[in-house]
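One file, protein-v1.txt, carrying compact mmCIF, N, CA and C atoms:
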# COMPACT_ATOMS: atom_id res chain seq x y z
N MET J 1 13.20 -10.93 -10.71
CA MET J 1 12.19 -9.96 -11.04
C MET J 1 10.82 -10.54 -10.72
N SER J 2 9.99 -9.74 -10.06
CA SER J 2 8.65 -10.17 -9.69
C SER J 2 7.74 -10.12 -10.91
N LEU J 3 6.92 -11.14 -11.05
CA LEU J 3 5.98 -11.17 -12.16
C LEU J 3 4.59 -10.71 -11.74
N THR J 4 4.41 -10.42 -10.46
CA THR J 4 3.12 -9.96 -9.99
C THR J 4 3.11 -8.44 -9.86
N LYS J 5 1.93 -7.88 -9.91
CA LYS J 5 1.78 -6.44 -9.79
C LYS J 5 2.09 -6.03 -8.36
N THR J 6 2.91 -5.01 -8.19
CA THR J 6 3.26 -4.57 -6.84
C THR J 6 2.92 -3.11 -6.58
N TRP J 7 2.50 -2.36 -7.57
CA TRP J 7 2.15 -0.95 -7.38
C TRP J 7 0.67 -0.77 -7.67
N TYR J 8 -0.03 -0.10 -6.74
CA TYR J 8 -1.47 0.08 -6.82
C TYR J 8 -1.83 1.51 -6.45
N THR J 9 -2.99 1.97 -6.93
CA THR J 9 -3.53 3.21 -6.39
C THR J 9 -3.95 2.90 -4.96
N VAL J 10 -4.14 3.92 -4.16
CA VAL J 10 -4.56 3.71 -2.77
C VAL J 10 -5.89 2.95 -2.75
N GLU J 11 -6.80 3.31 -3.63
CA GLU J 11 -8.11 2.66 -3.67
C GLU J 11 -7.99 1.19 -4.06
N GLN J 12 -7.15 0.88 -5.04
CA GLN J 12 -6.94 -0.51 -5.43
C GLN J 12 -6.33 -1.32 -4.29
N ALA J 13 -5.34 -0.73 -3.61
CA ALA J 13 -4.68 -1.43 -2.51
C ALA J 13 -5.65 -1.66 -1.36
N ALA J 14 -6.48 -0.67 -1.05
CA ALA J 14 -7.46 -0.81 0.03
C ALA J 14 -8.41 -1.96 -0.28
N ALA J 15 -8.87 -2.05 -1.52
CA ALA J 15 -9.77 -3.12 -1.91
C ALA J 15 -9.06 -4.48 -1.89
N LYS J 16 -7.85 -4.53 -2.39
CA LYS J 16 -7.10 -5.79 -2.46
C LYS J 16 -6.80 -6.35 -1.07
N TYR J 17 -6.39 -5.48 -0.15
CA TYR J 17 -5.96 -5.95 1.17
C TYR J 17 -7.05 -5.83 2.23
N GLY J 18 -8.21 -5.27 1.88
CA GLY J 18 -9.32 -5.19 2.80
C GLY J 18 -9.09 -4.26 3.98
N ILE J 19 -8.40 -3.16 3.73
CA ILE J 19 -8.14 -2.19 4.79
C ILE J 19 -8.60 -0.81 4.32
N PRO J 20 -8.86 0.08 5.25
CA PRO J 20 -9.29 1.43 4.84
C PRO J 20 -8.17 2.20 4.14
N ALA J 21 -8.56 3.00 3.16
CA ALA J 21 -7.58 3.84 2.46
C ALA J 21 -6.90 4.79 3.42
N SER J 22 -7.61 5.20 4.47
CA SER J 22 -7.01 6.12 5.44
C SER J 22 -5.83 5.49 6.16
N ARG J 23 -5.88 4.19 6.39
CA ARG J 23 -4.75 3.51 7.04
C ARG J 23 -3.53 3.53 6.11
N ILE J 24 -3.75 3.28 4.82
CA ILE J 24 -2.66 3.32 3.85
C ILE J 24 -2.07 4.72 3.80
N ASP J 25 -2.95 5.73 3.79
CA ASP J 25 -2.47 7.12 3.79
C ASP J 25 -1.60 7.41 5.01
N GLU J 26 -1.99 6.89 6.17
CA GLU J 26 -1.19 7.07 7.39
C GLU J 26 0.20 6.45 7.22
N TRP J 27 0.23 5.25 6.67
CA TRP J 27 1.51 4.57 6.46
C TRP J 27 2.39 5.33 5.48
N VAL J 28 1.77 5.89 4.44
CA VAL J 28 2.52 6.69 3.46
C VAL J 28 3.10 7.92 4.14
N GLU J 29 2.27 8.63 4.91
CA GLU J 29 2.73 9.85 5.59
C GLU J 29 3.83 9.55 6.61
N SER J 30 3.80 8.35 7.20
CA SER J 30 4.82 7.95 8.18
C SER J 30 6.09 7.43 7.51
N GLY J 31 6.05 7.28 6.19
CA GLY J 31 7.22 6.79 5.46
C GLY J 31 7.35 5.27 5.50
N LEU J 32 6.29 4.56 5.85
CA LEU J 32 6.34 3.11 5.94
C LEU J 32 6.02 2.42 4.62
N VAL J 33 5.33 3.14 3.74
CA VAL J 33 4.96 2.59 2.43
C VAL J 33 5.48 3.53 1.36
N ARG J 34 6.22 2.97 0.41
CA ARG J 34 6.78 3.77 -0.68
C ARG J 34 5.70 4.16 -1.68
N THR J 35 5.90 5.29 -2.31
CA THR J 35 4.99 5.77 -3.35
C THR J 35 5.77 6.05 -4.62
N GLU J 36 5.03 6.09 -5.71
CA GLU J 36 5.60 6.40 -7.02
C GLU J 36 4.53 7.17 -7.79
N GLU J 37 4.94 8.17 -8.51
CA GLU J 37 3.99 8.93 -9.32
C GLU J 37 3.93 8.35 -10.72
N ASN J 38 2.70 8.18 -11.21
CA ASN J 38 2.48 7.68 -12.56
C ASN J 38 1.50 8.64 -13.22
N GLY J 39 2.04 9.64 -13.88
CA GLY J 39 1.19 10.68 -14.45
C GLY J 39 0.57 11.50 -13.33
N ASP J 40 -0.75 11.52 -13.27
CA ASP J 40 -1.42 12.28 -12.21
C ASP J 40 -1.84 11.39 -11.05
N LYS J 41 -1.46 10.11 -11.07
CA LYS J 41 -1.83 9.17 -10.01
C LYS J 41 -0.63 8.87 -9.11
N VAL J 42 -0.92 8.68 -7.83
CA VAL J 42 0.09 8.24 -6.88
C VAL J 42 -0.13 6.76 -6.63
N LEU J 43 0.92 5.98 -6.78
CA LEU J 43 0.84 4.54 -6.58
C LEU J 43 1.58 4.17 -5.30
N VAL J 44 1.06 3.15 -4.61
CA VAL J 44 1.70 2.67 -3.38
C VAL J 44 2.23 1.26 -3.63
N ASN J 45 3.27 0.90 -2.88
CA ASN J 45 3.92 -0.38 -3.06
C ASN J 45 3.20 -1.47 -2.25
N GLY J 46 2.71 -2.49 -2.94
CA GLY J 46 1.99 -3.59 -2.30
C GLY J 46 2.85 -4.40 -1.37
N ASN J 47 4.12 -4.55 -1.67
CA ASN J 47 5.01 -5.31 -0.78
C ASN J 47 5.16 -4.62 0.56
N ASP J 48 5.23 -3.29 0.54
CA ASP J 48 5.33 -2.53 1.78
C ASP J 48 4.04 -2.67 2.60
N ILE J 49 2.90 -2.66 1.93
CA ILE J 49 1.63 -2.83 2.62
C ILE J 49 1.55 -4.21 3.26
N GLU J 50 1.95 -5.24 2.52
CA GLU J 50 1.94 -6.59 3.08
C GLU J 50 2.84 -6.68 4.31
N GLN J 51 3.98 -6.02 4.26
CA GLN J 51 4.89 -6.03 5.40
C GLN J 51 4.24 -5.35 6.60
N GLU J 52 3.56 -4.24 6.39
CA GLU J 52 2.88 -3.56 7.49
C GLU J 52 1.74 -4.41 8.03
N LEU J 53 1.04 -5.11 7.18
CA LEU J 53 -0.04 -5.97 7.64
C LEU J 53 0.50 -7.12 8.50
N ASP J 54 1.68 -7.60 8.16
CA ASP J 54 2.31 -8.65 8.97
C ASP J 54 2.70 -8.13 10.35
N MET J 55 2.93 -6.82 10.46
CA MET J 55 3.34 -6.22 11.73
C MET J 55 2.15 -5.92 12.64
N VAL J 56 0.94 -5.83 12.06
CA VAL J 56 -0.25 -5.50 12.84
C VAL J 56 -0.72 -6.76 13.58
N PRO J 57 -0.81 -6.69 14.90
CA PRO J 57 -1.26 -7.88 15.64
C PRO J 57 -2.73 -8.17 15.34
N SER J 58 -3.06 -9.44 15.20
CA SER J 58 -4.45 -9.81 14.95
C SER J 58 -5.18 -9.88 16.28
N VAL J 59 -6.46 -9.64 16.21
CA VAL J 59 -7.27 -9.58 17.42
C VAL J 59 -7.88 -10.94 17.71

Translate the structure described by the file into structure tokens.
Amino acid sequence: MSLTKTWYTVEQAAAKYGIPASRIDEWVESGLVRTEENGDKVLVNGNDIEQELDMVPSV
């Protein structure tokens, strides 16, 4: 079991990983990042975001 936080709002994830929220939204719409509803908030999976960031070639 992971002891670190893995679910974030899109805004929290964008700030944590230093990427635009629009990029995260694209990944969610493409099915690359899992989401979970928590009341009226949509949370995204940080592990999925990290995996996508590893796939993006650096310039």

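By chain and then residue number, the residues within 10 Å of J:Gly46 are Lys5, Thr6, Trp7, Tyr8, Thr9, Val10, Gln12, Ala13, Lys16, Tyr17, Val33, Arg34, Thr35, Leu43, Ile49, Glu50, Gln51 and Glu52 of chain J, counting only C-alpha atoms and disregarding those fewer than 3 positions away in sequence.
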
Exercise. Could you pull out the strand (DSSP E or B) residues of chain J from DSSP and send them as a list in words?
Worked result: Trp7, Tyr8, Thr9, Thr35, Glu36, Glu37, Asn38, Lys41, Val42, Leu43, Val44 and Asn45 of chain J

For this session: Please give the complete set of residues from chain J that DSSP, run on the backbone, assigns to helix (DSSP H, G or I), formatted as a list of chain:residue names.
Result: J:Val10, J:Glu11, J:Gln12, J:Ala13, J:Ala14, J:Ala15, J:Lys16, J:Tyr17, J:Ala21, J:Ser22, J:Arg23, J:Ile24, J:Asp25, J:Glu26, J:Trp27, J:Val28, J:Glu29, J:Gly46, J:Asn47, J:Asp48, J:Ile49, J:Glu50, J:Gln51, J:Glu52, J:Leu53, J:Asp54, J:Met55

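Across the structure, atom C of J:Lys41 and atom N of J:Asp54 are spaced 24.0 Å apart.
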
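Across the structure, atom CA of J:Ile19 and atom CA of J:Leu53 are spaced 9.4 Å apart.
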
Exercise. What does the distance from atom CA of J:Gly18 to atom CA of J:Gly39 come to in Å, to one decimal?
Worked result: 25.7 Å

Using the file's own x, y and z axes, so that the box edges lie along x, y and z, what centre and edge lengths in Å (one decimal) does a box around every listed atom of stretch 32-38 of chain J get when 5 Å is added on each side? Give it as AutoDock Vina command-line options.
--center_x 4.1 --center_y 5.7 --center_z -3.6 --size_x 15.3 --size_y 16.5 --size_z 29.2
